[in-house]
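Asks: This is run_7.cif (mmCIF, C-alpha atoms).
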data_coords
#
loop_
_atom_site.label_atom_id
_atom_site.label_comp_id
_atom_site.auth_asym_id
_atom_site.auth_seq_id
_atom_site.Cartn_x
_atom_site.Cartn_y
_atom_site.Cartn_z
CA MET A 133 168.70 -41.96 74.46
CA HIS A 134 166.42 -44.97 74.05
CA VAL A 135 162.77 -43.87 73.79
CA PHE A 136 160.01 -46.18 75.00
CA ALA A 137 156.35 -46.05 76.01
CA THR A 138 155.84 -44.88 79.61
CA ASP A 139 152.08 -44.82 79.95
CA VAL A 140 152.13 -47.40 82.79
CA PRO A 141 152.88 -45.80 86.20
CA VAL A 142 155.46 -47.18 88.64
CA LEU A 143 155.35 -47.80 92.39
CA LEU A 144 158.66 -48.13 94.25
CA LEU A 145 158.30 -50.03 97.52
CA ARG A 146 160.83 -49.65 100.33
CA LEU A 147 159.92 -51.05 103.75
CA ASP A 148 163.12 -50.39 105.67
CA ARG A 149 163.77 -47.04 107.32
CA ASN A 150 167.02 -45.82 105.79
CA PRO A 151 166.42 -42.15 104.86
CA PHE A 152 169.68 -41.99 102.89
CA HIS A 153 169.01 -44.83 100.44
CA HIS A 154 170.31 -43.34 97.22
CA GLY A 155 169.22 -46.37 95.19
CA THR A 156 165.59 -45.37 95.63
CA LEU A 157 166.40 -41.88 94.38
CA GLY A 158 168.21 -43.41 91.41
CA ALA A 159 165.10 -45.39 90.48
CA VAL A 160 162.88 -42.31 90.82
CA ARG A 161 165.13 -40.30 88.52
CA SER A 162 165.72 -43.08 86.00
CA LEU A 163 162.04 -43.79 85.39
CA GLY A 164 160.90 -40.20 85.90
CA ARG A 165 163.34 -38.83 83.35
CA ALA A 166 162.03 -41.38 80.86
CA GLY A 167 158.55 -39.92 81.35
CA ALA A 168 156.94 -42.49 83.66
CA GLU A 169 154.65 -41.44 86.49
CA VAL A 170 156.60 -42.51 89.59
CA HIS A 171 155.07 -43.16 93.02
CA ALA A 172 156.83 -44.43 96.14
CA VAL A 173 156.00 -46.08 99.44
CA VAL A 174 158.87 -45.14 101.73
CA ALA A 175 159.09 -44.70 105.49
CA ASP A 176 158.97 -41.43 107.41
CA GLY A 177 157.77 -39.24 104.58
CA GLY A 178 160.49 -40.30 102.17
CA GLY A 179 163.39 -38.21 103.48
CA PRO A 180 165.51 -36.50 100.80
CA VAL A 181 164.06 -38.79 98.11
CA ALA A 182 160.66 -37.12 98.54
CA ARG A 183 162.18 -33.83 97.30
CA SER A 184 162.78 -35.15 93.78
CA ARG A 185 160.96 -33.36 90.99
CA TYR A 186 160.50 -36.75 89.30
CA LEU A 187 158.40 -38.24 92.10
CA ARG A 188 154.65 -37.82 91.62
CA ALA A 189 153.65 -38.82 95.18
CA VAL A 190 154.89 -40.42 98.40
CA HIS A 191 152.35 -42.81 99.92
CA ARG A 192 151.98 -43.88 103.53
CA GLY A 193 153.43 -47.30 104.29
CA PRO A 194 151.80 -50.10 106.24
CA ALA A 195 150.69 -49.29 109.76
CA GLY A 196 152.69 -51.13 112.42
CA GLU A 197 154.81 -54.14 111.50
CA PRO A 198 155.15 -54.76 107.72
CA THR A 199 153.49 -58.17 107.79
CA PRO A 200 152.32 -59.65 104.47
CA GLU A 201 148.74 -58.76 105.40
CA ALA A 202 149.66 -55.16 106.24
CA VAL A 203 151.72 -54.75 103.06
CA THR A 204 148.88 -56.19 100.96
CA GLU A 205 146.43 -53.72 102.48
CA CYS A 206 148.88 -50.88 101.87
CA LEU A 207 149.48 -51.78 98.24
CA LEU A 208 145.79 -52.16 97.49
CA ARG A 209 145.12 -48.77 99.08
CA VAL A 210 147.89 -47.14 97.02
CA SER A 211 146.58 -48.81 93.88
CA GLU A 212 143.22 -47.14 94.44
CA ARG A 213 144.97 -43.77 94.64
CA ILE A 214 147.04 -44.37 91.50
CA GLY A 215 143.89 -45.40 89.66
CA ARG A 216 145.30 -47.97 87.26
CA ALA A 217 147.67 -50.93 87.13
CA ALA A 218 151.31 -50.08 87.85
CA VAL A 219 154.75 -51.66 87.65
CA LEU A 220 155.87 -52.61 91.18
CA VAL A 221 159.60 -52.42 91.98
CA ALA A 222 160.80 -53.68 95.38
CA MET A 223 163.81 -51.66 96.58
CA ASP A 224 164.93 -53.66 99.64
CA ASP A 225 165.12 -57.32 100.65
CA LEU A 226 162.02 -57.33 102.86
CA SER A 227 159.98 -55.70 100.11
CA ALA A 228 161.16 -58.23 97.52
CA ILE A 229 160.45 -61.16 99.83
CA THR A 230 156.99 -59.88 100.75
CA VAL A 231 155.95 -58.97 97.21
CA ALA A 232 156.87 -62.45 95.93
CA ARG A 233 154.70 -64.02 98.63
CA ILE A 234 151.65 -61.82 98.09
CA ALA A 235 151.91 -61.43 94.29
CA PRO A 236 148.83 -63.63 93.60
CA LEU A 237 146.74 -61.08 95.52
CA LEU A 238 148.00 -58.21 93.36
CA THR A 239 147.67 -59.61 89.84
CA ASP A 240 145.06 -57.11 88.61
CA ARG A 241 146.77 -54.16 90.32
CA TYR A 242 150.51 -54.53 89.75
CA LEU A 243 153.00 -55.92 87.24
CA CYS A 244 155.68 -57.93 89.08
CA PRO A 245 158.46 -60.33 88.04
CA GLY A 246 157.28 -63.94 87.76
CA GLN A 247 159.13 -65.36 90.76
CA PRO A 248 158.38 -68.49 92.80
CA ALA A 249 156.89 -67.28 96.08
CA ASP A 250 159.82 -68.43 98.23
CA LEU A 251 162.75 -67.64 95.90
CA PRO A 252 163.69 -64.14 97.16
CA ALA A 253 163.56 -65.36 100.77
CA LEU A 254 165.73 -68.36 99.87
CA VAL A 255 168.54 -66.38 98.25
CA ALA A 256 168.45 -63.54 100.79
CA ASP A 257 168.79 -66.01 103.68
CA LYS A 258 172.54 -66.15 104.26
CA ALA A 259 172.52 -69.67 105.67
CA GLU A 260 170.48 -71.01 102.74
CA LEU A 261 172.77 -69.19 100.30
CA ALA A 262 175.78 -70.98 101.79
CA GLY A 263 174.01 -74.28 101.17
CA LEU A 264 173.21 -73.37 97.56
CA CYS A 265 176.84 -72.47 96.90
CA ALA A 266 178.03 -75.76 98.36
CA ARG A 267 175.59 -77.78 96.21
CA TRP A 268 176.40 -75.90 93.01
CA ASP A 269 180.15 -75.57 93.56
CA ILE A 270 180.10 -71.77 93.71
CA GLY A 271 182.87 -70.08 95.69
CA HIS A 272 181.74 -68.99 99.16
CA PRO A 273 183.52 -68.35 102.48
CA GLU A 274 183.65 -71.36 104.80
CA THR A 275 180.51 -71.12 106.94
CA VAL A 276 179.31 -72.70 110.18
CA VAL A 277 175.76 -72.56 111.55
CA PRO A 278 176.30 -73.29 115.28
CA ALA A 279 173.75 -75.20 117.33
CA ASP A 280 174.47 -73.52 120.68
CA GLU A 281 176.72 -71.00 122.42
CA ALA A 282 179.54 -73.48 123.00
CA GLU A 283 179.55 -74.47 119.34
CA ALA A 284 179.61 -70.80 118.33
CA ALA A 285 182.72 -70.22 120.44
CA ALA A 286 184.41 -73.37 119.12
CA ALA A 287 183.59 -72.44 115.52
CA ALA A 288 185.10 -68.99 116.01
CA TRP A 289 188.38 -70.59 117.11
CA ARG A 290 188.35 -73.12 114.28
CA LEU A 291 187.55 -70.61 111.53
CA GLY A 292 190.20 -68.25 112.86
CA LEU A 293 189.82 -64.86 114.53
CA PRO A 294 188.64 -62.38 113.55
CA VAL A 295 185.50 -64.12 112.31
CA VAL A 296 182.47 -62.76 110.46
CA ALA A 297 179.10 -63.18 112.21
CA LYS A 298 175.86 -62.82 110.25
CA TRP A 299 172.18 -63.19 111.08
CA SER A 300 170.71 -65.41 108.41
CA ARG A 301 167.60 -63.25 107.87
CA PRO A 302 168.69 -59.69 108.70
CA TRP A 303 165.35 -58.23 107.62
CA LEU A 304 163.88 -59.73 110.83
CA LEU A 305 166.22 -57.82 113.17
CA PRO A 306 164.11 -55.67 115.53
CA ALA A 307 164.59 -51.93 115.36
CA GLY A 308 166.46 -50.47 118.29
CA SER A 309 168.06 -53.78 119.31
CA GLY A 310 171.57 -52.68 118.40
CA LEU A 311 172.05 -55.91 116.45
CA ARG A 312 173.76 -55.55 113.08
CA SER A 313 173.23 -57.81 110.11
CA THR A 314 176.98 -58.44 109.88
CA THR A 315 179.63 -58.04 112.56
CA LEU A 316 183.34 -58.77 112.77
CA LEU A 317 184.13 -60.60 116.02
CA THR A 318 187.60 -60.66 117.52
CA THR A 319 187.06 -63.15 120.37
CA ALA A 320 185.34 -66.50 120.84
CA ALA A 321 183.57 -65.04 123.88
CA ALA A 322 181.96 -62.44 121.63
CA ALA A 323 180.64 -65.24 119.42
CA ARG A 324 179.16 -66.95 122.48
CA ARG A 325 177.48 -63.72 123.63
CA LEU A 326 176.09 -62.94 120.21
CA TYR A 327 174.61 -66.43 119.82
CA ALA A 328 172.81 -65.90 123.13
CA ARG A 329 170.74 -63.19 121.39
CA THR A 330 169.40 -65.54 118.71
CA ALA A 331 165.80 -65.44 119.95
CA GLU A 332 165.92 -61.64 119.97
CA ALA A 333 167.34 -61.53 116.42
CA GLY A 334 164.53 -63.63 114.97
CA SER A 335 166.80 -65.88 112.87
CA GLY A 336 169.86 -68.08 113.20
CA LEU A 337 173.45 -66.94 113.60
CA LEU A 338 176.12 -68.10 111.20
CA LEU A 339 179.89 -67.64 111.34
CA GLN A 340 182.12 -67.25 108.29
CA ARG A 341 185.84 -67.33 107.74
CA PHE A 342 187.07 -63.75 107.40
CA LEU A 343 188.43 -62.82 103.98
CA PRO A 344 190.65 -59.75 104.30
CA GLY A 345 189.66 -56.91 102.02
CA GLY A 346 191.94 -54.62 100.10
CA ARG A 347 192.18 -52.60 96.96
CA GLY A 348 190.67 -54.54 94.06
CA THR A 349 189.25 -57.41 96.13
CA ASP A 350 185.56 -56.40 96.31
CA TRP A 351 183.27 -56.83 93.31
CA PHE A 352 179.56 -56.75 92.55
CA PHE A 353 177.28 -57.96 89.80
CA HIS A 354 173.97 -56.40 88.81
CA GLY A 355 171.49 -57.89 86.42
CA CYS A 356 167.93 -57.81 85.18
CA PHE A 357 166.50 -61.13 83.98
CA ALA A 358 163.38 -62.25 82.17
CA GLU A 359 161.55 -65.39 83.27
CA GLY A 360 163.74 -68.47 83.25
CA GLY A 361 166.92 -66.54 84.02
CA ARG A 362 167.32 -64.99 80.56
CA PRO A 363 169.62 -61.97 80.89
CA LEU A 364 168.31 -58.60 79.73
CA LEU A 365 171.05 -56.33 81.09
CA THR A 366 174.06 -57.19 83.26
CA GLY A 367 177.28 -55.64 84.51
CA ALA A 368 180.23 -56.30 86.80
CA GLY A 369 181.78 -53.61 88.95
CA ARG A 370 184.60 -53.12 91.40
CA LYS A 371 184.42 -51.28 94.71
CA GLU A 372 187.02 -48.53 94.71
CA LEU A 373 185.97 -47.22 98.12
CA SER A 374 183.47 -48.50 100.66
CA TRP A 375 181.98 -47.20 103.89
CA PRO A 376 182.73 -48.43 106.49
CA VAL A 377 186.18 -48.77 104.93
CA ARG A 378 186.78 -52.15 103.22
CA THR A 379 183.69 -53.64 104.85
CA GLY A 380 180.59 -51.67 103.89
CA LEU A 381 178.51 -50.40 100.99
CA THR A 382 179.90 -48.99 97.78
CA ALA A 383 181.02 -45.39 98.23
CA VAL A 384 182.84 -45.32 94.90
CA GLY A 385 182.45 -48.04 92.29
CA ARG A 386 183.64 -48.56 88.74
CA TRP A 387 182.09 -50.58 85.91
CA VAL A 388 184.86 -53.05 85.09
CA PRO A 389 184.07 -56.11 82.96
CA ASP A 390 185.29 -59.26 84.70
CA PRO A 391 184.59 -62.64 83.08
CA ALA A 392 184.69 -64.60 86.36
CA VAL A 393 182.22 -62.29 88.11
CA GLU A 394 179.94 -62.24 85.08
CA ARG A 395 179.99 -66.02 84.66
CA ALA A 396 179.15 -66.53 88.33
CA GLY A 397 176.21 -64.10 88.19
CA LEU A 398 174.80 -65.55 84.99
CA ARG A 399 175.22 -69.10 86.26
CA LEU A 400 173.32 -68.37 89.48
CA ALA A 401 170.45 -66.66 87.67
CA GLU A 402 170.15 -69.51 85.17
CA ARG A 403 170.25 -72.23 87.86
CA LEU A 404 167.55 -70.44 89.86
CA GLY A 405 165.41 -69.49 86.86
CA TYR A 406 165.60 -66.02 88.35
CA ALA A 407 163.32 -63.25 87.05
CA GLY A 408 163.71 -59.59 87.98
CA ILE A 409 166.65 -57.60 89.34
CA LEU A 410 169.46 -58.96 91.49
CA ASP A 411 172.60 -57.58 93.13
CA LEU A 412 175.48 -59.92 94.11
CA ASP A 413 178.51 -59.11 96.27
CA PHE A 414 181.80 -60.95 95.79
CA ARG A 415 185.24 -60.85 97.38
CA ARG A 416 188.46 -62.39 96.09
CA ASP A 417 190.33 -64.39 98.71
CA PRO A 418 194.12 -64.10 99.22
CA GLU A 419 194.62 -66.72 96.47
CA GLY A 420 192.52 -64.69 94.03
CA ARG A 421 189.54 -67.05 94.06
CA LEU A 422 186.08 -65.48 93.81
CA ARG A 423 183.73 -65.89 96.81
CA LEU A 424 180.05 -64.96 96.86
CA LEU A 425 179.20 -62.97 100.01
CA ASP A 426 175.60 -61.84 99.49
CA PHE A 427 172.65 -62.25 97.15
CA ASN A 428 170.21 -59.32 97.17
CA PRO A 429 166.96 -59.99 95.23
CA ARG A 430 166.45 -56.34 94.27
CA PRO A 431 168.36 -53.38 92.77
CA GLY A 432 171.64 -52.53 94.45
CA ALA A 433 171.98 -48.96 95.69
CA GLN A 434 174.61 -48.27 92.99
CA PHE A 435 172.60 -49.75 90.09
CA ARG A 436 172.84 -46.52 88.09
CA LEU A 437 176.53 -47.27 87.55
CA PHE A 438 175.40 -49.79 84.92
CA THR A 439 173.74 -47.28 82.60
CA ASP A 440 174.64 -47.91 78.98
CA GLY A 441 175.18 -45.39 76.22
CA ALA A 442 171.45 -45.29 75.43
CA GLY A 443 170.44 -44.64 79.05
CA LEU A 444 169.30 -48.20 79.78
CA ASP A 445 169.74 -49.53 83.33
CA VAL A 446 168.31 -52.53 85.21
CA VAL A 447 165.25 -50.62 86.45
CA ARG A 448 164.36 -49.42 82.98
CA ALA A 449 164.98 -52.92 81.61
CA LEU A 450 162.56 -54.35 84.18
CA TYR A 451 159.96 -51.73 83.27
CA LEU A 452 160.27 -52.58 79.57
CA ASP A 453 160.04 -56.33 80.20
CA LEU A 454 157.02 -56.11 82.51
CA THR A 455 155.15 -53.79 80.13
CA GLY A 456 155.73 -56.11 77.16
CA GLN A 457 158.26 -53.93 75.35
CA ARG A 458 161.49 -55.05 73.74
CA VAL A 459 164.63 -54.56 75.81
CA PRO A 460 167.39 -53.37 73.45
CA ALA A 461 170.87 -54.87 73.52
CA GLN A 462 173.37 -53.14 75.78
CA ALA A 463 175.25 -50.32 74.13
CA GLY A 464 178.55 -49.83 75.96
CA GLY A 465 179.06 -48.04 79.26
CA ALA A 466 182.02 -49.86 80.80
CA GLY A 467 184.45 -47.63 82.67
CA ARG A 468 181.78 -45.44 84.27
CA LEU A 469 182.29 -44.35 87.89
CA PHE A 470 179.62 -44.19 90.61
CA VAL A 471 180.03 -41.90 93.62
CA ALA A 472 177.81 -41.80 96.72
CA GLU A 473 178.94 -38.35 97.82
CA ASN A 474 178.26 -38.60 101.57
CA TYR A 475 179.92 -41.99 102.03
CA ALA A 476 182.72 -41.30 99.54
CA LEU A 477 183.71 -38.22 101.54
CA LEU A 478 183.91 -40.22 104.78
CA ALA A 479 185.87 -43.03 103.11
CA ALA A 480 188.27 -40.68 101.30
CA VAL A 481 189.06 -38.84 104.54
CA SER A 482 189.73 -42.17 106.27
CA VAL A 483 191.95 -43.64 103.52
CA PRO A 484 192.99 -40.73 101.25
CA ARG A 485 195.59 -42.83 99.40
CA GLU A 486 192.86 -45.16 98.12
CA ALA A 487 190.63 -42.43 96.69
CA PRO A 488 190.31 -43.18 92.93
CA ARG A 489 190.72 -40.66 90.15
CA PRO A 490 187.88 -40.64 87.63
CA GLY A 491 190.10 -39.75 84.67
CA ALA A 492 188.02 -39.45 81.52
CA ALA A 493 185.28 -41.77 82.77
CA ALA A 494 181.68 -40.64 83.03
CA VAL A 495 180.70 -40.11 86.66
CA GLU A 496 177.26 -40.98 88.05
CA ALA A 497 176.56 -39.18 91.33
CA ALA A 498 174.16 -40.78 93.78
CA TRP A 499 172.67 -37.52 95.03
CA PHE A 500 173.65 -34.47 93.00
CA ALA A 501 171.90 -33.81 89.70
CA ALA A 502 171.71 -30.42 88.00
CA ASP A 503 168.15 -31.13 86.84
CA ASP A 504 167.04 -32.32 90.31
CA PRO A 505 169.10 -30.56 93.02
CA ARG A 506 166.72 -30.63 95.99
CA PRO A 507 167.39 -34.23 97.14
CA PHE A 508 171.12 -33.46 97.33
CA LEU A 509 170.52 -30.32 99.38
CA ALA A 510 168.16 -32.17 101.73
CA MET A 511 170.63 -35.05 102.12
CA ALA A 512 173.55 -32.72 102.80
CA GLY A 513 171.60 -30.78 105.42
CA SER A 514 170.43 -33.95 107.17
CA PHE A 515 173.89 -35.50 106.99
CA VAL A 516 175.57 -32.47 108.54
CA LEU A 517 172.90 -32.26 111.22
CA ARG A 518 173.33 -35.92 112.17
CA GLY A 519 177.09 -35.49 112.32
CA ALA A 520 176.70 -32.46 114.56
CA GLU A 521 174.35 -34.37 116.88
CA LYS A 522 176.80 -37.28 117.18
CA GLY A 523 179.69 -34.90 117.81
CA ALA A 524 177.73 -33.05 120.46
CA GLY A 525 176.88 -36.35 122.15
CA ARG A 526 180.55 -37.32 122.33
CA VAL A 527 181.52 -33.94 123.72
CA TRP A 528 178.77 -34.14 126.33
CA GLY A 529 179.89 -37.64 127.29
CA ALA A 530 183.46 -36.45 127.69
CA LEU A 531 182.39 -33.54 129.88
CA ARG A 532 180.46 -35.94 132.10
CA GLY A 533 183.46 -38.15 132.73
CA GLY A 534 185.21 -39.22 129.54
CA PRO A 535 184.22 -40.99 126.32
CA ALA A 536 183.91 -44.43 127.89
CA GLN A 537 181.52 -43.21 130.56
CA GLY A 538 179.57 -41.22 127.98
CA ARG A 539 179.05 -44.34 125.93
CA ALA A 540 178.06 -46.34 128.99
CA ALA A 541 175.51 -43.70 129.91
CA ALA A 542 173.97 -44.19 126.47
CA GLY A 543 173.68 -47.92 127.11
CA ALA A 544 176.43 -48.92 124.67
CA ARG A 545 179.77 -50.67 124.98
CA THR A 546 182.86 -50.10 122.91
CA PRO A 547 183.80 -52.59 120.19
CA ARG A 548 186.80 -53.65 122.31
CA GLN A 549 184.49 -54.38 125.25
CA ARG A 550 182.17 -56.43 123.05
CA GLY A 551 184.87 -58.14 121.03
CA GLU A 552 183.23 -56.68 117.91
CA GLN A 553 184.43 -54.38 115.15
CA GLY A 554 181.20 -53.11 113.66
CA PRO A 555 179.43 -54.06 110.43
CA LEU A 556 181.15 -55.47 107.40
CA GLY A 557 178.75 -52.94 105.54
CA PRO A 558 159.58 -71.56 104.79
CA ASP A 559 161.62 -70.79 107.98
CA ARG A 560 163.99 -73.36 109.36
CA ASP A 561 167.42 -73.51 110.93
CA ARG A 562 169.98 -76.22 110.48
CA PRO A 563 172.00 -76.30 113.71
CA GLY A 564 175.61 -77.25 113.40
CA ARG A 565 175.70 -77.25 109.62
CA THR A 566 179.10 -76.48 108.12
CA THR A 567 179.54 -75.34 104.54
CA ALA A 568 183.09 -75.71 103.32
CA ALA A 569 184.56 -72.99 101.14
CA ARG A 570 184.68 -73.82 97.49
#
Mind turning the file's structure into structure tokens?
Replies:
Amino acid sequence: MHVFATDVPVLLLRLDRNPFHHGTLGAVRSLGRAGAEVHAVVADGGGPVARSRYLRAVHRGPAGEPTPEAVTECLLRVSERIGRAAVLVAMDDLSAITVARIAPLLTDRYLCPGQPADLPALVADKAELAGLCARWDIGHPETVVPADEAEAAAAAWRLGLPVVAKWSRPWLLPAGSGLRSTTLLTTAAAARRLYARTAEAGSGLLLQRFLPGGRGTDWFFHGCFAEGGRPLLTGAGRKELSWPVRTGLTAVGRWVPDPAVERAGLRLAERLGYAGILDLDFRRDPEGRLRLLDFNPRPGAQFRLFTDGAGLDVVRALYLDLTGQRVPAQAGGAGRLFVAENYALLAAVSVPREAPRPGAAAVEAAWFAADDPRPFLAMAGSFVLRGAEKGAGRVWGALRGGPAQGRAAAGARTPRQRGEQGPLGPDRDRPGRTTAAR
């Protein structure tokens, strides 16, 4: 185990409201086990993460909307409670975007990666990312940014149904709207209807050619970089199972070195001069060519998969870099398996033939840890309770007149009615822009 100085505390910032975000728990445990004093700003009391023995305190988030002003006030207030300068780690896209923009106001309170103020917003914007890939000849699905409803319908036909619909800045989606960051549409009419909600979504709609998933097609790249895009720790992994199946987040992943994935990740970071942690999602098309799907300017939820033989991961590497300590060279780790227990169970039940066997590989569990069991117990209880509530709602709907009427009573329509198939897991729009696949 690599030993390093941990006298500087850490604040993990997560502005979205996902109570089951196991990546935040992974960061708490990674830094807490090393001996750092770990604090967190997370919504709704922290959920299961707040039960970790390695978390010193959960702090109240910004009141109301997480505007830059509100987040600044929150972070300054938390800094007063911590009592000394701390490393600041953004755990979701909105946090990373906001921290980069307000970093000059936090210089004497927090240690942050040296990013240009608009860089996280640029790479997290799915329309801007398509443009970057086109300019730099990086593989990306063919993408259209329609200018109106008619163009959205026409683009859906031209790209081929089903078609992937994405909101360019999903962090702006209003809570309770029912809008998803990514949706698979099966009709041109559904594309027209979805475009009509652009004002409500807060950002532009883009349509992408659908790349069918399958075993071995989905990959990810995690890395931590010093200023100028110098790599400190990197790794490529393959999704063995995802939830929702073949379209969502990593339920089971394996660390598998892949030169093409690694070259693409390193090339992007170098071109951008990227500093800090990033998480990239790739899919191989039917011809085997690599396509970049998403760029997340923060740790991926499965970042603990890439833990080397000395216990180093991207979060620890960032801590070492920001506190002026040497980041040691990577010491093995390929072949490890990551399992998000709740989602892996759902995925394995849905596609039992695809469930991987760990073999002799080391397994990193998202939730269960013998030295920190309470988050797992809290997650399992909440997960079962939510499942029971959903099941009871369906039964009640059926008793009142069948599943379709039950859904209608709840104000929802079925995917078939909407023409949708659920999630696939400086502000400006450029209407009508098409980015050809590379």
Asks: Selection in question (the file shown): the PyMOL selection byres ((chain A and resi 468) around 9). Which residues does it include, as an MDAnalysis selection string?
Replies: chainID A and resid 385:388 437:439 465:467 469:470 490 493:496
Asks: Taking the file above as input, evaluate the PyMOL selection byres ((chain A and resi 185-190) around 9) and report the hits as a list in words.
Replies: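 Written out, the selection comes to Val160, Arg161, Ser162, Leu163, Gly164, Arg165, Gly167, Ala168, Glu169, Val170, His171, Ala172, Val173, Val174, Gly177, Gly178, Val181, Ala182, Arg183, Ser184, His191, Arg192, Asp503, Asp504, Pro505, Arg506 and Pro507 of chain A.
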Asks: Kindly resolve the PyMOL selection byres ((chain A and resi 453) around 10) on the present coordinates and return the residues as a compact mmCIF listing (two decimals) with C-alpha atoms, in the coordinates of the input.
Replies:
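And here is the file that came out, result-v7.txt:
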# COMPACT_ATOMS: atom_id res chain seq x y z
CA LEU A 243 153.00 -55.92 87.24
CA PRO A 245 158.46 -60.33 88.04
CA CYS A 356 167.93 -57.81 85.18
CA PHE A 357 166.50 -61.13 83.98
CA ALA A 358 163.38 -62.25 82.17
CA GLU A 359 161.55 -65.39 83.27
CA LEU A 364 168.31 -58.60 79.73
CA GLY A 408 163.71 -59.59 87.98
CA VAL A 447 165.25 -50.62 86.45
CA ARG A 448 164.36 -49.42 82.98
CA ALA A 449 164.98 -52.92 81.61
CA LEU A 450 162.56 -54.35 84.18
CA TYR A 451 159.96 -51.73 83.27
CA LEU A 452 160.27 -52.58 79.57
CA LEU A 454 157.02 -56.11 82.51
CA THR A 455 155.15 -53.79 80.13
CA GLY A 456 155.73 -56.11 77.16
CA GLN A 457 158.26 -53.93 75.35
CA ARG A 458 161.49 -55.05 73.74
CA VAL A 459 164.63 -54.56 75.81
Asks: Which residues, written as a PyMOL selection string, have at least one atom at most 12 Å from A:Leu381, with all atoms listed in the file counted and residues fewer than 3 positions away on the same chain left out?
Replies: chain A and resi 153-155+350-352+370-378+384-385+413+426+432-434+471-472+474-476+479+555-557
Asks: Find, counting all atoms listed in the file, the residue in A:Pro141, A:Met133, A:Pro180, A:Leu404 that gets nearest to A:Leu509.
Replies: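 Among A:Pro141, A:Met133, A:Pro180, A:Leu404, it is A:Pro180 that comes nearest to A:Leu509.
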Asks: Identify which of the residues A:Gly246, A:Pro391, A:Gly360, A:Pro488 lies closest to A:Arg403, counting only C-alpha atoms when measuring atom-to-atom distances.
Replies: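 Checking each candidate against A:Arg403, we get A:Gly360 as the closest.
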Asks: Find the residues of stretch 422-532 of chain A that sit at most 7 Å from stretch 207-228 of chain A; for each, write down the nearest two atoms and how far apart they are in Å, to one decimal. Count only C-alpha atoms. Sort by chain, then by number going up, and give it as JSON lines.
Replies:
{"residue": "A:Asn428", "atom": "CA", "partner": "A:Asp225", "partner_atom": "CA", "distance": 6.5}
{"residue": "A:Pro429", "atom": "CA", "partner": "A:Asp225", "partner_atom": "CA", "distance": 6.3}
{"residue": "A:Arg430", "atom": "CA", "partner": "A:Met223", "partner_atom": "CA", "distance": 5.8}
{"residue": "A:Pro431", "atom": "CA", "partner": "A:Met223", "partner_atom": "CA", "distance": 6.2}
{"residue": "A:Tyr451", "atom": "CA", "partner": "A:Val219", "partner_atom": "CA", "distance": 6.8}
Asks: Using all atoms listed in the file, which residue out of A:Pro302, A:Gly345, A:Gly336, A:Gly310 lies closest to A:Glu281?
Replies: A:Gly336
Asks: Please determine an axis-aligned box that encloses all atoms of stretch 182-190 of chain A listed in the file, with 3 Å added on each side, and express its centre and edge lengths in Å to one decimal as AutoDock Vina command-line options.
Replies:
--center_x 158.2 --center_y -36.9 --center_z 93.9 --size_x 15.1 --size_y 13.1 --size_z 15.2
Asks: Measure the distance from atom CA of A:Arg423 to atom CA of A:Thr156 in Å and round it to one decimal.
Replies: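 Separating atom CA of A:Arg423 from atom CA of A:Thr156 is a distance of 27.4 Å.
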Asks: Give me the residues of stretch 386-445 of chain A that have any atom at most 12 Å from an atom of stretch 263-278 of chain A; for each, the nearest atom pair and the distance in Å, rounded to one decimal. Use only C-alpha atoms, sort by chain and number, and format it as a Markdown table.
Replies:
| residue | atom | partner | partner_atom | distance |
| --- | --- | --- | --- | --- |
| A:Ala392 | CA | A:Gly271 | CA | 11.0 |
| A:Val393 | CA | A:Gly271 | CA | 10.9 |
| A:Arg395 | CA | A:Ile270 | CA | 10.7 |
| A:Ala396 | CA | A:Ile270 | CA | 7.6 |
| A:Gly397 | CA | A:Ile270 | CA | 10.2 |
| A:Leu398 | CA | A:Ile270 | CA | 12.0 |
| A:Arg399 | CA | A:Ile270 | CA | 9.3 |
| A:Leu400 | CA | A:Ile270 | CA | 8.7 |
| A:Glu402 | CA | A:Trp268 | CA | 11.9 |
| A:Arg403 | CA | A:Trp268 | CA | 8.8 |
| A:Leu404 | CA | A:Leu264 | CA | 10.0 |
| A:Asp413 | CA | A:His272 | CA | 10.8 |
| A:Phe414 | CA | A:His272 | CA | 8.7 |
| A:Arg415 | CA | A:His272 | CA | 9.0 |
| A:Arg416 | CA | A:Gly271 | CA | 9.5 |
| A:Asp417 | CA | A:Pro273 | CA | 8.7 |
| A:Pro418 | CA | A:Pro273 | CA | 11.9 |
| A:Gly420 | CA | A:Gly271 | CA | 11.2 |
| A:Arg421 | CA | A:Gly271 | CA | 7.5 |
| A:Leu422 | CA | A:Gly271 | CA | 5.9 |
| A:Arg423 | CA | A:His272 | CA | 4.4 |
| A:Leu424 | CA | A:His272 | CA | 4.9 |
| A:Leu425 | CA | A:His272 | CA | 6.6 |
| A:Asp426 | CA | A:His272 | CA | 9.4 |
| A:Phe427 | CA | A:Cys265 | CA | 11.0 |
Asks: As an exercise, work out the distance from atom CA of A:Ala461 to atom CA of A:Ile229 in Å and give it to one decimal place.
Replies: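 That distance, rounded to one decimal, is 29.0 Å.
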Asks: Between A:Leu410, A:Ala368, A:Ala530, A:Ala463, single out the one closest to A:Val446, counting all atoms listed in the file.
Replies: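 Nearest candidate to A:Val446 out of A:Leu410, A:Ala368, A:Ala530, A:Ala463: A:Leu410.
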Asks: Using atom CA of A:Ala259 and atom CA of A:Gln340 as the two end points, give the distance in Å to one decimal.
Replies: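 Computing the Euclidean distance for atom CA of A:Ala259 and atom CA of A:Gln340 yields 10.2 Å.
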Asks: Return the single residue from A:Phe342, A:Phe136, A:Phe435, A:Trp303 that is closest to A:Leu365, with distances computed using only C-alpha atoms.
Replies: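 Using only C-alpha atoms, the shortest distance to A:Leu365 belongs to A:Phe435.
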